[in-house]
Every structure is written in structure tokens, then in C-alpha cells.
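Shown next: my_file39.tsv, given as TSV, N, CA and C atoms.
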chain	number	residue	atom	x	y	z
P	26	SER	N	-128.73	30.16	-16.47
P	26	SER	CA	-127.56	30.63	-15.73
P	26	SER	C	-126.31	30.50	-16.60
P	27	PRO	N	-125.30	31.34	-16.34
P	27	PRO	CA	-124.09	31.30	-17.18
P	27	PRO	C	-123.30	30.02	-16.94
P	28	PRO	N	-122.52	29.60	-17.93
P	28	PRO	CA	-121.70	28.40	-17.72
P	28	PRO	C	-120.67	28.65	-16.62
P	29	PRO	N	-120.19	27.59	-15.97
P	29	PRO	CA	-119.21	27.78	-14.91
P	29	PRO	C	-117.94	28.43	-15.47
P	30	ASP	N	-117.33	29.26	-14.66
P	30	ASP	CA	-116.11	29.94	-15.09
P	30	ASP	C	-114.99	28.90	-15.25
P	31	PRO	N	-114.21	28.98	-16.33
P	31	PRO	CA	-113.18	27.97	-16.57
P	31	PRO	C	-112.11	27.90	-15.47
P	32	VAL	N	-111.90	28.97	-14.72
P	32	VAL	CA	-110.86	28.92	-13.68
P	32	VAL	C	-111.19	27.86	-12.63
P	33	TYR	N	-112.46	27.59	-12.42
P	33	TYR	CA	-112.86	26.62	-11.40
P	33	TYR	C	-112.56	25.19	-11.84
P	34	ARG	N	-112.33	24.98	-13.12
P	34	ARG	CA	-112.08	23.62	-13.63
P	34	ARG	C	-110.60	23.34	-13.84
P	35	LEU	N	-109.73	24.26	-13.46
P	35	LEU	CA	-108.30	24.02	-13.62
P	35	LEU	C	-107.87	22.83	-12.78
P	36	PRO	N	-107.10	21.92	-13.32
P	36	PRO	CA	-106.57	20.84	-12.48
P	36	PRO	C	-105.56	21.41	-11.49
P	37	ALA	N	-105.37	20.72	-10.38
P	37	ALA	CA	-104.49	21.22	-9.32
P	37	ALA	C	-103.10	21.55	-9.84
P	38	GLY	N	-102.60	20.77	-10.77
P	38	GLY	CA	-101.25	20.99	-11.28
P	38	GLY	C	-101.10	22.23	-12.13
P	39	ALA	N	-102.22	22.83	-12.54
P	39	ALA	CA	-102.16	23.99	-13.42
P	39	ALA	C	-101.85	25.27	-12.67
P	40	VAL	N	-101.91	25.26	-11.34
P	40	VAL	CA	-101.64	26.48	-10.58
P	40	VAL	C	-100.13	26.67	-10.51
P	41	ARG	N	-99.66	27.77	-11.08
P	41	ARG	CA	-98.24	28.09	-11.06
P	41	ARG	C	-98.06	29.29	-10.14
P	42	TRP	N	-97.42	29.10	-9.02
P	42	TRP	CA	-97.32	30.13	-7.99
P	42	TRP	C	-96.14	31.05	-8.21
P	43	ARG	N	-96.29	32.28	-7.74
P	43	ARG	CA	-95.21	33.27	-7.70
P	43	ARG	C	-95.33	34.02	-6.38
P	44	TRP	N	-94.25	34.63	-5.94
P	44	TRP	CA	-94.27	35.40	-4.69
P	44	TRP	C	-95.17	36.62	-4.86
P	45	PRO	N	-96.01	36.91	-3.86
P	45	PRO	CA	-96.95	38.03	-3.98
P	45	PRO	C	-96.31	39.41	-3.77
P	46	ALA	N	-95.15	39.46	-3.13
P	46	ALA	CA	-94.49	40.75	-2.89
P	46	ALA	C	-93.01	40.50	-2.67
P	47	LYS	N	-92.21	41.55	-2.94
P	47	LYS	CA	-90.78	41.46	-2.65
P	47	LYS	C	-90.58	41.58	-1.15
P	48	GLY	N	-89.67	40.78	-0.61
P	48	GLY	CA	-89.37	40.85	0.81
P	48	GLY	C	-88.97	39.49	1.33
P	49	ALA	N	-88.55	39.47	2.59
P	49	ALA	CA	-88.11	38.23	3.23
P	49	ALA	C	-89.22	37.69	4.12
P	50	VAL	N	-89.27	36.38	4.28
P	50	VAL	CA	-90.24	35.78	5.18
P	50	VAL	C	-89.81	36.09	6.62
P	51	SER	N	-90.66	36.82	7.35
P	51	SER	CA	-90.33	37.22	8.72
P	51	SER	C	-91.03	36.35	9.76
P	52	ARG	N	-92.04	35.62	9.34
P	52	ARG	CA	-92.67	34.64	10.22
P	52	ARG	C	-93.12	33.49	9.35
P	53	HIS	N	-92.77	32.28	9.74
P	53	HIS	CA	-93.04	31.10	8.94
P	53	HIS	C	-94.34	30.41	9.34
P	54	TYR	N	-94.83	29.62	8.42
P	54	TYR	CA	-96.00	28.77	8.64
P	54	TYR	C	-95.72	27.86	9.83
P	55	ASP	N	-96.73	27.68	10.66
P	55	ASP	CA	-96.60	26.85	11.86
P	55	ASP	C	-97.36	25.54	11.64
P	56	THR	N	-96.63	24.44	11.62
P	56	THR	CA	-97.28	23.16	11.39
P	56	THR	C	-98.28	22.82	12.48
P	57	GLY	N	-98.15	23.46	13.65
P	57	GLY	CA	-99.12	23.28	14.72
P	57	GLY	C	-100.40	24.07	14.48
P	58	ARG	N	-100.50	24.73	13.33
P	58	ARG	CA	-101.70	25.46	12.91
P	58	ARG	C	-101.97	26.73	13.71
P	59	VAL	N	-100.98	27.17	14.50
P	59	VAL	CA	-101.18	28.43	15.23
P	59	VAL	C	-101.10	29.59	14.24
P	60	PHE	N	-100.14	29.53	13.34
P	60	PHE	CA	-99.94	30.58	12.34
P	60	PHE	C	-100.13	29.93	10.98
P	61	LYS	N	-101.23	30.26	10.29
P	61	LYS	CA	-101.67	29.50	9.13
P	61	LYS	C	-101.10	29.97	7.80
P	62	GLY	N	-100.24	30.99	7.83
P	62	GLY	CA	-99.65	31.49	6.60
P	62	GLY	C	-98.23	31.93	6.88
P	63	ILE	N	-97.77	32.91	6.10
P	63	ILE	CA	-96.45	33.49	6.33
P	63	ILE	C	-96.56	35.00	6.34
P	64	ASN	N	-95.65	35.65	7.05
P	64	ASN	CA	-95.49	37.09	6.94
P	64	ASN	C	-94.33	37.36	6.00
P	65	ILE	N	-94.55	38.26	5.06
P	65	ILE	CA	-93.47	38.71	4.19
P	65	ILE	C	-93.18	40.15	4.61
P	66	GLN	N	-91.95	40.38	5.07
P	66	GLN	CA	-91.56	41.73	5.47
P	66	GLN	C	-91.15	42.47	4.21
P	67	SER	N	-91.96	43.43	3.83
P	67	SER	CA	-91.76	44.18	2.60
P	67	SER	C	-91.60	45.65	2.97
P	68	ALA	N	-92.05	46.54	2.11
P	68	ALA	CA	-91.97	47.97	2.38
P	68	ALA	C	-93.37	48.57	2.24
P	69	PRO	N	-93.73	49.52	3.11
P	69	PRO	CA	-95.05	50.15	3.01
P	69	PRO	C	-95.27	50.73	1.61
P	70	GLY	N	-96.43	50.44	1.04
P	70	GLY	CA	-96.76	50.96	-0.28
P	70	GLY	C	-96.26	50.13	-1.45
P	71	ARG	N	-95.49	49.08	-1.17
P	71	ARG	CA	-94.99	48.22	-2.25
P	71	ARG	C	-96.17	47.43	-2.85
P	72	THR	N	-96.06	47.10	-4.12
P	72	THR	CA	-97.12	46.39	-4.82
P	72	THR	C	-97.26	44.95	-4.33
P	73	VAL	N	-98.51	44.54	-4.15
P	73	VAL	CA	-98.85	43.14	-3.88
P	73	VAL	C	-99.42	42.58	-5.18
P	74	HIS	N	-98.91	41.42	-5.60
P	74	HIS	CA	-99.32	40.80	-6.87
P	74	HIS	C	-100.12	39.53	-6.61
P	75	ALA	N	-101.01	39.21	-7.53
P	75	ALA	CA	-101.70	37.91	-7.48
P	75	ALA	C	-100.63	36.83	-7.61
P	76	ALA	N	-100.69	35.83	-6.74
P	76	ALA	CA	-99.68	34.76	-6.74
P	76	ALA	C	-99.91	33.73	-7.83
P	77	ALA	N	-101.08	33.77	-8.47
P	77	ALA	CA	-101.41	32.87	-9.58
P	77	ALA	C	-102.68	33.40	-10.24
P	78	ASP	N	-102.99	32.89	-11.42
P	78	ASP	CA	-104.23	33.26	-12.11
P	78	ASP	C	-105.44	32.89	-11.25
P	79	GLY	N	-106.50	33.68	-11.32
P	79	GLY	CA	-107.70	33.32	-10.58
P	79	GLY	C	-108.77	34.39	-10.62
P	80	ILE	N	-109.72	34.26	-9.71
P	80	ILE	CA	-110.84	35.19	-9.58
P	80	ILE	C	-110.88	35.69	-8.15
P	81	VAL	N	-111.04	37.00	-8.00
P	81	VAL	CA	-111.14	37.60	-6.66
P	81	VAL	C	-112.51	37.24	-6.09
P	82	VAL	N	-112.51	36.48	-4.99
P	82	VAL	CA	-113.77	36.07	-4.38
P	82	VAL	C	-114.09	36.91	-3.14
P	83	TYR	N	-113.10	37.65	-2.63
P	83	TYR	CA	-113.34	38.55	-1.51
P	83	TYR	C	-112.35	39.70	-1.60
P	84	ALA	N	-112.85	40.92	-1.38
P	84	ALA	CA	-112.00	42.11	-1.30
P	84	ALA	C	-112.69	43.07	-0.33
P	85	GLY	N	-112.13	43.19	0.87
P	85	GLY	CA	-112.75	44.07	1.86
P	85	GLY	C	-112.06	43.97	3.20
P	86	ASN	N	-112.73	44.52	4.23
P	86	ASN	CA	-112.14	44.50	5.57
P	86	ASN	C	-113.11	43.98	6.61
P	87	GLY	N	-113.99	43.06	6.21
P	87	GLY	CA	-115.01	42.53	7.11
P	87	GLY	C	-114.58	41.34	7.96
P	88	LEU	N	-113.40	40.79	7.72
P	88	LEU	CA	-112.93	39.67	8.53
P	88	LEU	C	-111.99	40.18	9.59
P	89	ARG	N	-112.39	40.08	10.83
P	89	ARG	CA	-111.64	40.61	11.95
P	89	ARG	C	-110.23	40.02	12.00
P	90	GLY	N	-109.25	40.90	12.19
P	90	GLY	CA	-107.87	40.45	12.34
P	90	GLY	C	-107.07	40.39	11.05
P	91	TYR	N	-107.72	40.67	9.92
P	91	TYR	CA	-107.02	40.59	8.64
P	91	TYR	C	-106.85	41.95	7.95
P	92	GLY	N	-107.46	43.00	8.49
P	92	GLY	CA	-107.38	44.31	7.85
P	92	GLY	C	-108.00	44.25	6.46
P	93	ASN	N	-107.41	45.01	5.53
P	93	ASN	CA	-107.87	44.97	4.14
P	93	ASN	C	-107.39	43.65	3.53
P	94	LEU	N	-108.34	42.81	3.17
P	94	LEU	CA	-108.05	41.43	2.77
P	94	LEU	C	-108.53	41.16	1.35
P	95	ILE	N	-107.71	40.39	0.62
P	95	ILE	CA	-108.11	39.89	-0.70
P	95	ILE	C	-107.99	38.37	-0.66
P	96	ILE	N	-109.01	37.68	-1.18
P	96	ILE	CA	-108.95	36.23	-1.35
P	96	ILE	C	-109.18	35.93	-2.82
P	97	ILE	N	-108.28	35.12	-3.39
P	97	ILE	CA	-108.38	34.74	-4.80
P	97	ILE	C	-108.58	33.23	-4.88
P	98	ARG	N	-109.56	32.81	-5.68
P	98	ARG	CA	-109.77	31.38	-5.97
P	98	ARG	C	-109.00	31.08	-7.25
P	99	HIS	N	-108.12	30.08	-7.17
P	99	HIS	CA	-107.29	29.72	-8.32
P	99	HIS	C	-107.81	28.48	-9.03
P	100	SER	N	-108.53	27.64	-8.32
P	100	SER	CA	-109.11	26.42	-8.89
P	100	SER	C	-110.12	25.92	-7.87
P	101	ASP	N	-110.69	24.75	-8.10
P	101	ASP	CA	-111.62	24.23	-7.10
P	101	ASP	C	-110.86	23.69	-5.90
P	102	ILE	N	-109.54	23.71	-5.95
P	102	ILE	CA	-108.71	23.20	-4.86
P	102	ILE	C	-108.01	24.31	-4.08
P	103	TYR	N	-107.52	25.34	-4.80
P	103	TYR	CA	-106.65	26.35	-4.18
P	103	TYR	C	-107.28	27.74	-4.05
P	104	LEU	N	-107.04	28.35	-2.89
P	104	LEU	CA	-107.33	29.77	-2.63
P	104	LEU	C	-106.05	30.40	-2.09
P	105	SER	N	-105.89	31.71	-2.29
P	105	SER	CA	-104.82	32.43	-1.62
P	105	SER	C	-105.41	33.67	-0.98
P	106	ALA	N	-104.79	34.07	0.15
P	106	ALA	CA	-105.27	35.24	0.90
P	106	ALA	C	-104.10	36.19	1.14
P	107	TYR	N	-104.41	37.48	1.06
P	107	TYR	CA	-103.42	38.56	1.19
P	107	TYR	C	-104.01	39.54	2.19
P	108	ALA	N	-103.40	39.66	3.38
P	108	ALA	CA	-104.00	40.47	4.44
P	108	ALA	C	-103.11	41.64	4.85
P	109	HIS	N	-103.73	42.60	5.54
P	109	HIS	CA	-103.06	43.79	6.06
P	109	HIS	C	-102.55	44.69	4.94
P	110	ASN	N	-103.39	44.91	3.94
P	110	ASN	CA	-103.02	45.79	2.83
P	110	ASN	C	-103.40	47.23	3.14
P	111	ARG	N	-102.62	48.17	2.62
P	111	ARG	CA	-102.93	49.59	2.77
P	111	ARG	C	-104.11	49.95	1.88
P	112	LYS	N	-104.07	49.44	0.65
P	112	LYS	CA	-105.10	49.80	-0.33
P	112	LYS	C	-105.36	48.61	-1.23
P	113	LEU	N	-106.64	48.34	-1.50
P	113	LEU	CA	-107.03	47.26	-2.41
P	113	LEU	C	-107.17	47.83	-3.82
P	114	LYS	N	-106.67	47.10	-4.81
P	114	LYS	CA	-106.69	47.59	-6.19
P	114	LYS	C	-107.63	46.78	-7.07
P	115	VAL	N	-108.30	45.76	-6.51
P	115	VAL	CA	-109.23	44.93	-7.27
P	115	VAL	C	-110.54	44.79	-6.51
P	116	LYS	N	-111.58	44.42	-7.23
P	116	LYS	CA	-112.89	44.21	-6.63
P	116	LYS	C	-113.29	42.75	-6.77
P	117	GLU	N	-114.24	42.35	-5.93
P	117	GLU	CA	-114.77	40.98	-6.01
P	117	GLU	C	-115.28	40.71	-7.42
P	118	GLY	N	-115.02	39.52	-7.91
P	118	GLY	CA	-115.45	39.13	-9.25
P	118	GLY	C	-114.42	39.38	-10.33
P	119	ALA	N	-113.38	40.15	-10.00
P	119	ALA	CA	-112.34	40.46	-11.01
P	119	ALA	C	-111.54	39.20	-11.32
P	120	ARG	N	-111.27	39.01	-12.59
P	120	ARG	CA	-110.38	37.93	-13.04
P	120	ARG	C	-108.97	38.53	-13.06
P	121	VAL	N	-108.03	37.85	-12.42
P	121	VAL	CA	-106.66	38.36	-12.37
P	121	VAL	C	-105.69	37.32	-12.92
P	122	ALA	N	-104.65	37.81	-13.57
P	122	ALA	CA	-103.58	36.95	-14.04
P	122	ALA	C	-102.47	36.96	-12.99
P	123	SER	N	-101.66	35.93	-12.99
P	123	SER	CA	-100.51	35.88	-12.10
P	123	SER	C	-99.68	37.15	-12.31
P	124	GLY	N	-99.32	37.81	-11.21
P	124	GLY	CA	-98.52	39.03	-11.31
P	124	GLY	C	-99.32	40.31	-11.38
P	125	THR	N	-100.65	40.23	-11.52
P	125	THR	CA	-101.48	41.43	-11.54
P	125	THR	C	-101.38	42.18	-10.21
P	126	GLU	N	-101.28	43.50	-10.26
P	126	GLU	CA	-101.27	44.31	-9.04
P	126	GLU	C	-102.65	44.24	-8.41
P	127	ILE	N	-102.71	43.76	-7.14
P	127	ILE	CA	-104.01	43.63	-6.49
P	127	ILE	C	-104.15	44.53	-5.26
P	128	ALA	N	-103.01	44.98	-4.69
P	128	ALA	CA	-103.07	45.78	-3.47
P	128	ALA	C	-101.72	46.46	-3.24
P	129	LEU	N	-101.69	47.28	-2.16
P	129	LEU	CA	-100.45	47.88	-1.69
P	129	LEU	C	-100.20	47.42	-0.25
P	130	VAL	N	-98.96	47.08	0.05
P	130	VAL	CA	-98.55	46.64	1.39
P	130	VAL	C	-98.78	47.76	2.40
P	131	GLY	N	-99.24	47.37	3.60
P	131	GLY	CA	-99.17	48.34	4.69
P	131	GLY	C	-100.41	48.68	5.45
P	132	GLY	N	-101.24	47.72	5.79
P	132	GLY	CA	-102.44	48.06	6.53
P	132	GLY	C	-102.44	47.65	7.98
P	133	ASP	N	-101.31	47.20	8.51
P	133	ASP	CA	-101.24	46.76	9.90
P	133	ASP	C	-100.54	47.84	10.71
P	134	PRO	N	-101.24	48.48	11.65
P	134	PRO	CA	-100.63	49.58	12.41
P	134	PRO	C	-99.34	49.20	13.14
P	135	ALA	N	-99.22	47.94	13.55
P	135	ALA	CA	-98.02	47.51	14.29
P	135	ALA	C	-96.82	47.35	13.36
P	136	ASN	N	-97.07	47.11	12.07
P	136	ASN	CA	-95.98	46.88	11.13
P	136	ASN	C	-96.49	47.20	9.73
P	137	ARG	N	-96.21	48.39	9.26
P	137	ARG	CA	-96.73	48.85	7.96
P	137	ARG	C	-96.08	48.16	6.76
P	138	GLY	N	-95.02	47.39	6.99
P	138	GLY	CA	-94.35	46.72	5.89
P	138	GLY	C	-94.66	45.24	5.80
P	139	ARG	N	-95.65	44.79	6.57
P	139	ARG	CA	-95.94	43.35	6.63
P	139	ARG	C	-97.08	42.98	5.69
P	140	LEU	N	-96.86	41.90	4.93
P	140	LEU	CA	-97.93	41.27	4.16
P	140	LEU	C	-98.13	39.87	4.73
P	141	TYR	N	-99.35	39.56	5.12
P	141	TYR	CA	-99.68	38.20	5.55
P	141	TYR	C	-100.21	37.48	4.33
P	142	PHE	N	-99.65	36.30	4.04
P	142	PHE	CA	-100.01	35.54	2.85
P	142	PHE	C	-100.32	34.10	3.24
P	143	GLU	N	-101.42	33.59	2.71
P	143	GLU	CA	-101.87	32.25	3.06
P	143	GLU	C	-102.33	31.53	1.79
P	144	ILE	N	-102.04	30.23	1.72
P	144	ILE	CA	-102.58	29.39	0.65
P	144	ILE	C	-103.39	28.29	1.31
P	145	ARG	N	-104.59	28.07	0.80
P	145	ARG	CA	-105.42	26.97	1.29
P	145	ARG	C	-105.64	25.97	0.18
P	146	LYS	N	-105.49	24.69	0.53
P	146	LYS	CA	-105.72	23.59	-0.39
P	146	LYS	C	-106.88	22.79	0.17
P	147	ASN	N	-107.95	22.68	-0.61
P	147	ASN	CA	-109.18	22.01	-0.14
P	147	ASN	C	-109.64	22.58	1.20
P	148	GLY	N	-109.53	23.90	1.35
P	148	GLY	CA	-110.01	24.58	2.55
P	148	GLY	C	-109.07	24.56	3.74
P	149	LYS	N	-107.95	23.85	3.64
P	149	LYS	CA	-107.02	23.75	4.76
P	149	LYS	C	-105.73	24.51	4.45
P	150	PRO	N	-105.22	25.27	5.44
P	150	PRO	CA	-103.98	26.01	5.20
P	150	PRO	C	-102.81	25.05	4.93
P	151	VAL	N	-101.96	25.44	3.98
P	151	VAL	CA	-100.73	24.70	3.69
P	151	VAL	C	-99.56	25.68	3.74
P	152	ASP	N	-98.36	25.15	3.86
P	152	ASP	CA	-97.17	26.00	3.93
P	152	ASP	C	-96.90	26.61	2.56
P	153	PRO	N	-97.09	27.94	2.42
P	153	PRO	CA	-96.88	28.57	1.10
P	153	PRO	C	-95.47	28.38	0.56
P	154	THR	N	-94.47	28.31	1.44
P	154	THR	CA	-93.09	28.21	0.96
P	154	THR	C	-92.83	26.88	0.26
P	155	LYS	N	-93.69	25.89	0.46
P	155	LYS	CA	-93.53	24.61	-0.23
P	155	LYS	C	-94.08	24.67	-1.67
P	156	LEU	N	-94.89	25.68	-1.95
P	156	LEU	CA	-95.48	25.84	-3.28
P	156	LEU	C	-94.85	26.97	-4.08
P	157	LEU	N	-94.37	28.00	-3.39
P	157	LEU	CA	-93.76	29.15	-4.05
P	157	LEU	C	-92.39	28.78	-4.60
P	158	PRO	N	-91.95	29.44	-5.69
P	158	PRO	CA	-90.61	29.15	-6.20
P	158	PRO	C	-89.54	29.55	-5.18
P	159	ARG	N	-88.42	28.87	-5.20
P	159	ARG	CA	-87.32	29.21	-4.29
P	159	ARG	C	-86.76	30.58	-4.65
P	160	LEU	N	-86.44	31.35	-3.62
P	160	LEU	CA	-85.85	32.68	-3.86
P	160	LEU	C	-84.35	32.57	-4.06
Would you encode the structure as C-alpha cells?
Amino acid sequence: SPPPDPVYRLPAGAVRWRWPAKGAVSRHYDTGRVFKGINIQSAPGRTVHAAADGIVVYAGNGLRGYGNLIIIRHSDIYLSAYAHNRKLKVKEGARVASGTEIALVGGDPANRGRLYFEIRKNGKPVDPTKLLPRL
């Protein structure tokens, strides 16, 4: 079998986050765990970028309630998810660098300019705004 991919061995501190799309946070993370990520109000068709280096572990629309979804594994600790995309630009297994175009905003019929973004640490949702650089 092939050796393990080096991205899985990155220490937690090696993940350097960036905002996945231009726009303002229109719904914040809920510490009560009702809302496990943030909504970024962007513009339909705007580019969605990988928030950090990693490997695409899911790209599709099979998870109910997320529309066209991308999940990127950044290390053995961190994953990020990007939901309600108009179009996916990467496939499962793709290695992406921070800032790589991965999708286009706009797959939610109620709000075509919304990007749902989530970061999970050890499988549990965390507040992305605590990890992302200040705007």
C-alpha cells in the first residue's frame, strides 16, 4: 500500500486559515450547537477558495441539507466544509493549496449568495471566526 499522505501528519499548528469567500458573516456560529458553522453572504457565482492546504475527501450532493458540498481534510485534526455551492470545481482525492478555487457560490434556492462554512476540530464543530484571520 502507498505511504500515508503527508497532509495527514501536519501538526495542528501548521494549518493556516484564510477566508473561503469574500463577503460578510450573515449568521454566526451558535455555541449551543444549533448552527455548527457560519454563513458568509457573498455574491452568486463568486469563487469559493480552499481555506487551507489539504485533500478533498468529499465533493458531491449526497448529504441532505448541504446542497453541493465540499469537505477538505487539512490534518488529522482539522476538516473544513463548504456547502450550498452552485458548481464544484474539484473532485474527491484532489490535493488543494490554500486559496485554490474549489467551487462557485450559489446553490441554495432561498439565498443564491450564501456560502455555509464549517470547521471541525477532532470531529467537533468549532467557531470558524476564532481561527480565520480578522477582516
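Around Tyr83 (chain P), within 7 Å and counting all atoms listed in the file, the residues found are Leu94, Ile95, Ile96, Ile97, Arg98, Lys116, Glu117 and Gly118 of chain P, once anything fewer than 4 positions away on its own chain is removed.
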Would you put the residues from that selection into a file with N, CA and C atoms, as a PDB file, in the frame of the given file?
ATOM      1  N   LEU P  94    -108.340  42.810   3.170  1.00  0.00           N
ATOM      2  CA  LEU P  94    -108.050  41.430   2.770  1.00  0.00           C
ATOM      3  C   LEU P  94    -108.530  41.160   1.350  1.00  0.00           C
ATOM      4  N   ILE P  95    -107.710  40.390   0.620  1.00  0.00           N
ATOM      5  CA  ILE P  95    -108.110  39.890  -0.700  1.00  0.00           C
ATOM      6  C   ILE P  95    -107.990  38.370  -0.660  1.00  0.00           C
ATOM      7  N   ILE P  96    -109.010  37.680  -1.180  1.00  0.00           N
ATOM      8  CA  ILE P  96    -108.950  36.230  -1.350  1.00  0.00           C
ATOM      9  C   ILE P  96    -109.180  35.930  -2.820  1.00  0.00           C
ATOM     10  N   ILE P  97    -108.280  35.120  -3.390  1.00  0.00           N
ATOM     11  CA  ILE P  97    -108.380  34.740  -4.800  1.00  0.00           C
ATOM     12  C   ILE P  97    -108.580  33.230  -4.880  1.00  0.00           C
ATOM     13  N   ARG P  98    -109.560  32.810  -5.680  1.00  0.00           N
ATOM     14  CA  ARG P  98    -109.770  31.380  -5.970  1.00  0.00           C
ATOM     15  C   ARG P  98    -109.000  31.080  -7.250  1.00  0.00           C
ATOM     16  N   LYS P 116    -111.580  44.420  -7.230  1.00  0.00           N
ATOM     17  CA  LYS P 116    -112.890  44.210  -6.630  1.00  0.00           C
ATOM     18  C   LYS P 116    -113.290  42.750  -6.770  1.00  0.00           C
ATOM     19  N   GLU P 117    -114.240  42.350  -5.930  1.00  0.00           N
ATOM     20  CA  GLU P 117    -114.770  40.980  -6.010  1.00  0.00           C
ATOM     21  C   GLU P 117    -115.280  40.710  -7.420  1.00  0.00           C
ATOM     22  N   GLY P 118    -115.020  39.520  -7.910  1.00  0.00           N
ATOM     23  CA  GLY P 118    -115.450  39.130  -9.250  1.00  0.00           C
ATOM     24  C   GLY P 118    -114.420  39.380 -10.330  1.00  0.00           C
TER      25      GLY P 118
END
DSSP-assigned strand (DSSP E or B) among region 26-109 of chain P, expressed as an mmCIF file with N, CA and C atoms, in the coordinates of the input:
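Generated file (result-v5.cif):
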data_model
loop_
_atom_site.group_PDB
_atom_site.id
_atom_site.type_symbol
_atom_site.label_atom_id
_atom_site.label_comp_id
_atom_site.auth_asym_id
_atom_site.auth_seq_id
_atom_site.Cartn_x
_atom_site.Cartn_y
_atom_site.Cartn_z
ATOM 1 N N ALA P 49 -88.550 39.470 2.590
ATOM 2 C CA ALA P 49 -88.110 38.230 3.230
ATOM 3 C C ALA P 49 -89.220 37.690 4.120
ATOM 4 N N VAL P 50 -89.270 36.380 4.280
ATOM 5 C CA VAL P 50 -90.240 35.780 5.180
ATOM 6 C C VAL P 50 -89.810 36.090 6.620
ATOM 7 N N SER P 51 -90.660 36.820 7.350
ATOM 8 C CA SER P 51 -90.330 37.220 8.720
ATOM 9 C C SER P 51 -91.030 36.350 9.760
ATOM 10 N N ARG P 52 -92.040 35.620 9.340
ATOM 11 C CA ARG P 52 -92.670 34.640 10.220
ATOM 12 C C ARG P 52 -93.120 33.490 9.350
ATOM 13 N N ILE P 63 -97.770 32.910 6.100
ATOM 14 C CA ILE P 63 -96.450 33.490 6.330
ATOM 15 C C ILE P 63 -96.560 35.000 6.340
ATOM 16 N N ASN P 64 -95.650 35.650 7.050
ATOM 17 C CA ASN P 64 -95.490 37.090 6.940
ATOM 18 C C ASN P 64 -94.330 37.360 6.000
ATOM 19 N N ILE P 65 -94.550 38.260 5.060
ATOM 20 C CA ILE P 65 -93.470 38.710 4.190
ATOM 21 C C ILE P 65 -93.180 40.150 4.610
ATOM 22 N N GLN P 66 -91.950 40.380 5.070
ATOM 23 C CA GLN P 66 -91.560 41.730 5.470
ATOM 24 C C GLN P 66 -91.150 42.470 4.210
ATOM 25 N N THR P 72 -96.060 47.100 -4.120
ATOM 26 C CA THR P 72 -97.120 46.390 -4.820
ATOM 27 C C THR P 72 -97.260 44.950 -4.330
ATOM 28 N N VAL P 73 -98.510 44.540 -4.150
ATOM 29 C CA VAL P 73 -98.850 43.140 -3.880
ATOM 30 C C VAL P 73 -99.420 42.580 -5.180
ATOM 31 N N HIS P 74 -98.910 41.420 -5.600
ATOM 32 C CA HIS P 74 -99.320 40.800 -6.870
ATOM 33 C C HIS P 74 -100.120 39.530 -6.610
ATOM 34 N N GLY P 79 -106.500 33.680 -11.320
ATOM 35 C CA GLY P 79 -107.700 33.320 -10.580
ATOM 36 C C GLY P 79 -108.770 34.390 -10.620
ATOM 37 N N ILE P 80 -109.720 34.260 -9.710
ATOM 38 C CA ILE P 80 -110.840 35.190 -9.580
ATOM 39 C C ILE P 80 -110.880 35.690 -8.150
ATOM 40 N N VAL P 81 -111.040 37.000 -8.000
ATOM 41 C CA VAL P 81 -111.140 37.600 -6.660
ATOM 42 C C VAL P 81 -112.510 37.240 -6.090
ATOM 43 N N VAL P 82 -112.510 36.480 -4.990
ATOM 44 C CA VAL P 82 -113.770 36.070 -4.380
ATOM 45 C C VAL P 82 -114.090 36.910 -3.140
ATOM 46 N N TYR P 83 -113.100 37.650 -2.630
ATOM 47 C CA TYR P 83 -113.340 38.550 -1.510
ATOM 48 C C TYR P 83 -112.350 39.700 -1.600
ATOM 49 N N ALA P 84 -112.850 40.920 -1.380
ATOM 50 C CA ALA P 84 -112.000 42.110 -1.300
ATOM 51 C C ALA P 84 -112.690 43.070 -0.330
ATOM 52 N N GLY P 85 -112.130 43.190 0.870
ATOM 53 C CA GLY P 85 -112.750 44.070 1.860
ATOM 54 C C GLY P 85 -112.060 43.970 3.200
ATOM 55 N N ASN P 93 -107.410 45.010 5.530
ATOM 56 C CA ASN P 93 -107.870 44.970 4.140
ATOM 57 C C ASN P 93 -107.390 43.650 3.530
ATOM 58 N N LEU P 94 -108.340 42.810 3.170
ATOM 59 C CA LEU P 94 -108.050 41.430 2.770
ATOM 60 C C LEU P 94 -108.530 41.160 1.350
ATOM 61 N N ILE P 95 -107.710 40.390 0.620
ATOM 62 C CA ILE P 95 -108.110 39.890 -0.700
ATOM 63 C C ILE P 95 -107.990 38.370 -0.660
ATOM 64 N N ILE P 96 -109.010 37.680 -1.180
ATOM 65 C CA ILE P 96 -108.950 36.230 -1.350
ATOM 66 C C ILE P 96 -109.180 35.930 -2.820
ATOM 67 N N ILE P 97 -108.280 35.120 -3.390
ATOM 68 C CA ILE P 97 -108.380 34.740 -4.800
ATOM 69 C C ILE P 97 -108.580 33.230 -4.880
ATOM 70 N N ARG P 98 -109.560 32.810 -5.680
ATOM 71 C CA ARG P 98 -109.770 31.380 -5.970
ATOM 72 C C ARG P 98 -109.000 31.080 -7.250
ATOM 73 N N TYR P 103 -107.520 25.340 -4.800
ATOM 74 C CA TYR P 103 -106.650 26.350 -4.180
ATOM 75 C C TYR P 103 -107.280 27.740 -4.050
ATOM 76 N N LEU P 104 -107.040 28.350 -2.890
ATOM 77 C CA LEU P 104 -107.330 29.770 -2.630
ATOM 78 C C LEU P 104 -106.050 30.400 -2.090
ATOM 79 N N SER P 105 -105.890 31.710 -2.290
ATOM 80 C CA SER P 105 -104.820 32.430 -1.620
ATOM 81 C C SER P 105 -105.410 33.670 -0.980
ATOM 82 N N ALA P 106 -104.790 34.070 0.150
ATOM 83 C CA ALA P 106 -105.270 35.240 0.900
ATOM 84 C C ALA P 106 -104.100 36.190 1.140
ATOM 85 N N TYR P 107 -104.410 37.480 1.060
ATOM 86 C CA TYR P 107 -103.420 38.560 1.190
ATOM 87 C C TYR P 107 -104.010 39.540 2.190
ATOM 88 N N ALA P 108 -103.400 39.660 3.380
ATOM 89 C CA ALA P 108 -104.000 40.470 4.440
ATOM 90 C C ALA P 108 -103.110 41.640 4.850
ATOM 91 N N HIS P 109 -103.730 42.600 5.540
ATOM 92 C CA HIS P 109 -103.060 43.790 6.060
ATOM 93 C C HIS P 109 -102.550 44.690 4.940
#
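Proximity to Tyr103 (chain P) was assessed for P:Lys61, P:Arg145, P:Arg43, P:His53 counting only C-alpha atoms; the smallest distance is recorded for P:Arg145.
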Worksheet entry | Spatial neighbours of region 63-80 of chain P, 5 Å, all atoms listed in the file, chain gap at least 6 places, as an NGL selection string | :P and (41-43 or 45-54 or 97-99 or 119-131 or 137-142)
Return the padded bounding box of region 117-124 of chain P as JSON: axis-aligned, built from all atoms listed in the file, 8 Å added on each side, with centre and edge lengths in Å to one decimal.
{"center_x": -107.0, "center_y": 39.1, "center_z": -10.0, "size_x": 32.9, "size_y": 22.5, "size_z": 24.1}
